[in-house]
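A.B. asks: My structure is stored as input.cif, with mmCIF, C-alpha atoms.
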```cif
data_target
loop_
_atom_site.label_atom_id
_atom_site.label_comp_id
_atom_site.auth_asym_id
_atom_site.auth_seq_id
_atom_site.Cartn_x
_atom_site.Cartn_y
_atom_site.Cartn_z
CA MET X 238 -2.48 -19.76 -9.45
CA GLY X 239 -2.33 -16.27 -10.88
CA ALA X 240 -5.12 -13.75 -11.31
CA LEU X 241 -5.54 -14.54 -15.01
CA ASP X 242 -6.10 -18.23 -14.25
CA LEU X 243 -9.57 -17.26 -13.04
CA TRP X 244 -10.47 -15.75 -16.42
CA ARG X 245 -12.13 -18.07 -18.95
CA PHE X 246 -13.91 -15.63 -21.26
CA CYS X 247 -13.01 -12.29 -22.78
CA PRO X 248 -14.56 -9.33 -20.91
CA ARG X 249 -14.85 -7.48 -24.23
CA CYS X 250 -16.62 -10.04 -26.48
CA ALA X 251 -17.11 -13.20 -24.33
CA GLY X 252 -14.77 -15.21 -26.60
CA ILE X 253 -12.64 -18.02 -25.22
CA LEU X 254 -9.29 -17.01 -23.76
CA THR X 255 -6.02 -18.82 -24.43
CA ARG X 256 -3.09 -18.55 -22.05
CA SER X 257 0.57 -17.79 -22.55
CA ASP X 258 3.27 -17.24 -19.93
CA ASP X 259 2.42 -13.64 -19.08
CA HIS X 260 -1.01 -12.88 -20.56
CA VAL X 261 -4.24 -14.28 -22.00
CA ARG X 262 -5.55 -13.64 -25.52
CA CYS X 263 -9.08 -13.83 -26.87
CA THR X 264 -9.53 -16.30 -29.73
CA SER X 265 -12.38 -14.16 -31.16
CA CYS X 266 -11.30 -10.51 -30.97
CA SER X 267 -7.53 -11.00 -30.31
CA GLU X 268 -7.62 -8.67 -27.28
CA ARG X 269 -4.81 -9.39 -24.78
CA TYR X 270 -4.92 -9.04 -20.99
CA TRP X 271 -2.05 -9.02 -18.49
CA ALA X 272 -2.09 -9.56 -14.74
CA ASN X 273 -0.52 -6.25 -13.84
CA ALA X 274 0.43 -5.36 -10.30
CA ILE X 275 -2.20 -3.36 -8.40
CA PRO X 276 -1.06 0.22 -7.66
CA GLY X 277 -0.82 1.00 -3.95
CA VAL X 278 0.60 3.71 -1.71
CA GLN X 279 1.74 3.89 1.89
CA GLY X 280 3.36 6.44 4.11
CA ILE X 281 5.72 6.66 7.03
CA LEU X 282 4.68 9.36 9.47
CA GLU X 283 7.42 9.91 12.04
CA ARG X 284 7.21 11.93 15.24
CA ASP X 285 9.92 12.06 17.87
CA GLY X 286 11.69 9.07 16.31
CA ARG X 287 8.53 6.92 16.30
CA VAL X 288 6.49 5.71 13.33
CA LEU X 289 2.68 5.54 13.16
CA LEU X 290 1.38 2.04 12.40
CA ALA X 291 -2.18 0.84 11.86
CA ARG X 292 -3.59 -2.51 13.00
CA ARG X 293 -5.67 -4.10 10.24
CA ALA X 294 -9.35 -4.57 11.07
CA HIS X 295 -10.03 -6.88 8.10
CA ASP X 296 -8.42 -9.71 6.17
CA PRO X 297 -6.04 -10.29 4.67
CA ARG X 298 -3.80 -10.34 7.74
CA ARG X 299 -6.41 -9.01 10.15
CA GLY X 300 -4.88 -7.96 13.46
CA HIS X 301 -1.41 -7.41 12.02
CA TRP X 302 0.36 -4.07 11.86
CA ASP X 303 0.45 -2.13 8.62
CA LEU X 304 1.61 1.22 7.31
CA PRO X 305 -1.27 3.64 6.64
CA GLY X 306 -2.10 3.46 2.95
CA GLY X 307 -4.01 1.43 0.42
CA PHE X 308 -4.95 0.96 -3.21
CA LEU X 309 -5.38 3.75 -5.72
CA ASN X 310 -8.71 4.44 -7.36
CA GLU X 311 -8.70 4.02 -11.14
CA THR X 312 -7.86 7.61 -12.14
CA GLU X 313 -6.26 8.76 -8.88
CA ALA X 314 -2.75 10.19 -8.80
CA PRO X 315 -0.50 8.39 -6.29
CA VAL X 316 -0.02 11.44 -4.03
CA ASP X 317 -3.78 12.08 -4.00
CA GLY X 318 -4.40 8.43 -3.10
CA LEU X 319 -1.88 8.63 -0.28
CA ARG X 320 -3.58 11.73 1.14
CA ARG X 321 -7.02 10.08 0.84
CA GLU X 322 -5.90 6.84 2.48
CA PHE X 323 -4.26 8.69 5.39
CA ARG X 324 -7.39 10.81 5.86
CA GLU X 325 -9.64 7.71 5.77
CA GLU X 326 -7.53 5.60 8.12
CA THR X 327 -6.14 8.19 10.54
CA GLY X 328 -8.16 11.39 10.12
CA LEU X 329 -4.91 13.24 9.39
CA GLU X 330 -4.11 15.58 6.53
CA ILE X 331 -0.59 14.72 5.41
CA GLU X 332 1.93 15.98 2.92
CA PRO X 333 4.48 13.67 1.26
CA VAL X 334 7.98 15.08 1.76
CA GLU X 335 10.28 12.33 0.45
CA LEU X 336 9.84 9.34 -1.84
CA LEU X 337 11.39 6.47 0.13
CA ARG X 338 10.95 3.35 -1.98
CA ILE X 339 9.10 1.70 -4.88
CA ASP X 340 8.61 -2.08 -4.78
CA ILE X 341 6.57 -4.98 -6.11
CA GLU X 342 5.14 -6.83 -3.11
CA PRO X 343 3.05 -10.01 -2.78
CA TYR X 344 -0.47 -9.36 -1.52
CA ASP X 345 -3.15 -12.03 -1.04
CA GLY X 346 -2.27 -14.01 -4.17
CA ARG X 347 -1.59 -10.92 -6.30
CA HIS X 348 1.15 -8.32 -6.47
CA VAL X 349 1.10 -4.65 -5.53
CA PHE X 350 3.19 -1.93 -7.17
CA SER X 351 3.84 -0.17 -3.88
CA VAL X 352 5.06 3.41 -3.52
CA THR X 353 6.20 4.52 -0.05
CA TRP X 354 6.73 8.11 1.06
CA ILE X 355 7.97 9.77 4.20
CA VAL X 356 5.08 12.09 5.10
CA ARG X 357 4.47 15.02 7.42
CA GLY X 358 1.23 15.67 9.27
CA GLU X 359 0.01 17.30 12.45
CA GLY X 360 -2.79 16.47 14.86
CA GLU X 361 -3.79 13.38 16.76
CA PRO X 362 -4.55 10.33 14.63
CA VAL X 363 -7.84 8.48 15.17
CA ALA X 364 -8.37 4.92 13.88
CA ALA X 365 -11.09 4.76 11.24
CA ASP X 366 -12.11 2.95 8.04
CA ASP X 367 -10.40 -0.47 7.96
CA VAL X 368 -8.10 0.19 10.94
CA ASP X 369 -8.96 -0.84 14.51
CA GLU X 370 -5.95 0.72 16.29
CA LEU X 371 -3.20 3.24 15.62
CA ARG X 372 0.01 3.23 17.63
CA TRP X 373 3.42 4.92 17.58
CA PHE X 374 6.45 2.57 17.54
CA ALA X 375 10.11 3.39 18.16
CA ARG X 376 12.72 2.11 15.71
CA ASP X 377 13.85 -0.59 18.14
CA GLU X 378 10.35 -1.88 18.98
CA LEU X 379 8.78 -2.43 15.55
CA PRO X 380 6.21 -5.26 15.55
CA GLU X 381 5.78 -8.02 12.97
CA MET X 382 4.19 -6.39 9.95
CA ALA X 383 1.26 -7.63 7.87
CA PHE X 384 3.34 -7.95 4.70
CA PRO X 385 7.05 -8.73 4.12
CA GLY X 386 7.61 -5.68 1.92
CA GLN X 387 6.71 -3.43 4.83
CA GLU X 388 9.41 -5.05 6.97
CA LEU X 389 11.92 -4.00 4.29
CA VAL X 390 10.52 -0.47 4.02
CA LEU X 391 10.68 -0.03 7.80
CA ALA X 392 14.23 -1.40 7.87
CA VAL X 393 15.19 1.25 5.32
CA TRP X 394 13.42 3.90 7.43
CA ALA X 395 15.02 2.65 10.67
CA GLY X 396 18.45 2.93 9.08
CA LEU X 397 17.92 6.56 8.11
CA PRO X 398 19.19 9.23 10.48
CA GLU X 399 16.45 10.73 12.61
CA ARG X 400 15.15 13.96 11.17
CA PRO X 401 14.56 17.04 13.29
CA ARG X 402 10.86 17.75 13.59
CA ASP X 403 9.63 20.60 11.41
CA GLU X 404 7.64 22.72 13.86
CA HIS X 405 6.15 24.75 11.00
CA ALA X 406 4.50 21.81 9.20
#
```
Please, can you express the file's structure as structure tokens?
C.D. replies:
Amino acid sequence: MGALDLWRFCPRCAGILTRSDDHVRCTSCSERYWANAIPGVQGILERDGRVLLARRAHDPRRGHWDLPGGFLNETEAPVDGLRREFREETGLEIEPVELLRIDIEPYDGRHVFSVTWIVRGEGEPVAADDVDELRWFARDELPEMAFPGQELVLAVWAGLPERPRDEHA
């Protein structure tokens, strides 16, 4: 079942919706709606060859490890959303330094248009918001992740050469 299967009436005029393969259309006003992927962002913060992961405090996948990040607000630029999510979940101010990967990932019956950056940030992270623990993991001790797309992103990261730490960041 897709997201549009839950829709029966047009949000614009309350007309009846008809379905096609990739969208629904209102029989009254002819408006069309698509089940687009939800925009999300996540970041890989590396220190001394270890990556910061967050344990999810809520479903879906409560208790599983996750990259810090989340969904964008409606008018939020991706980089701004990444900074906000890191601040909310870790207390850290970060700066994206490299775009690592863009993917479409399954998420709780929907799909996320996920943008992953390598980020830089200083200070000690503190778990907050929807995170109950933060922990640093070495490349050879990565845990099972909450979502399959993150396993791929971390495999890409783990295959990259270690970067020297920028002491001036």
A.B. asks: Can you tell me, as a PyMOL selection string, what residues are no more than 10 Å from His295 (chain X) when counting only C-alpha atoms, ignoring any on the same chain fewer than 5 positions away?
C.D. replies: chain X and resi 300-301+367-369
A.B. asks: Which residues of region 313-346 of chain X come within 9 Å of region 270-284 of chain X, and for each one, what is the closest pair of atoms and their distance in Å to one decimal, counting only C-alpha atoms, sorted by chain and residue number, as JSON lines?
C.D. replies:
```
{"residue": "X:Pro315", "atom": "CA", "partner": "X:Val278", "partner_atom": "CA", "distance": 6.6}
{"residue": "X:Val316", "atom": "CA", "partner": "X:Val278", "partner_atom": "CA", "distance": 8.1}
{"residue": "X:Gly318", "atom": "CA", "partner": "X:Val278", "partner_atom": "CA", "distance": 7.0}
{"residue": "X:Leu319", "atom": "CA", "partner": "X:Val278", "partner_atom": "CA", "distance": 5.7}
{"residue": "X:Glu322", "atom": "CA", "partner": "X:Gln279", "partner_atom": "CA", "distance": 8.2}
{"residue": "X:Phe323", "atom": "CA", "partner": "X:Gly280", "partner_atom": "CA", "distance": 8.0}
{"residue": "X:Ile331", "atom": "CA", "partner": "X:Leu282", "partner_atom": "CA", "distance": 8.5}
{"residue": "X:Pro333", "atom": "CA", "partner": "X:Gly280", "partner_atom": "CA", "distance": 7.9}
{"residue": "X:Leu337", "atom": "CA", "partner": "X:Ile281", "partner_atom": "CA", "distance": 8.9}
{"residue": "X:Ile341", "atom": "CA", "partner": "X:Ala274", "partner_atom": "CA", "distance": 7.4}
{"residue": "X:Glu342", "atom": "CA", "partner": "X:Ala274", "partner_atom": "CA", "distance": 8.7}
```
A.B. asks: The PyMOL selection byres ((chain X and resi 395) around 10) - which residues does that actually catch in the file I just gave you? List them as a VMD selection string.
C.D. replies: chain X and resid 286 to 288 375 to 377 379 389 to 394 396 to 399
A.B. asks: I'd like the contact shell of Ile253 (chain X) - 6 Å cut-off, only C-alpha atoms, skipping same-chain residues fewer than 5 positions apart - returned as a PyMOL selection string.
C.D. replies: chain X and resi 246+263-264
A.B. asks: Could you please determine the separation between CA of Arg338 (chain X) and CA of Gly386 (chain X) in Å, to one decimal place?
C.D. replies: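 Pair CA of Arg338 (chain X) / CA of Gly386 (chain X) returns 10.4 Å.
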A.B. asks: So the first atom is CA of Thr255 (chain X) and the second is CA of Arg347 (chain X); what is the distance between them in Å, to one decimal place?
C.D. replies: 20.3 Å
A.B. asks: What is the distance, in Å and to one decimal place, between CA of Val352 (chain X) and CA of Asp317 (chain X)?
C.D. replies: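 Value for the CA of Val352 (chain X)-CA of Asp317 (chain X) distance: 12.4 Å.
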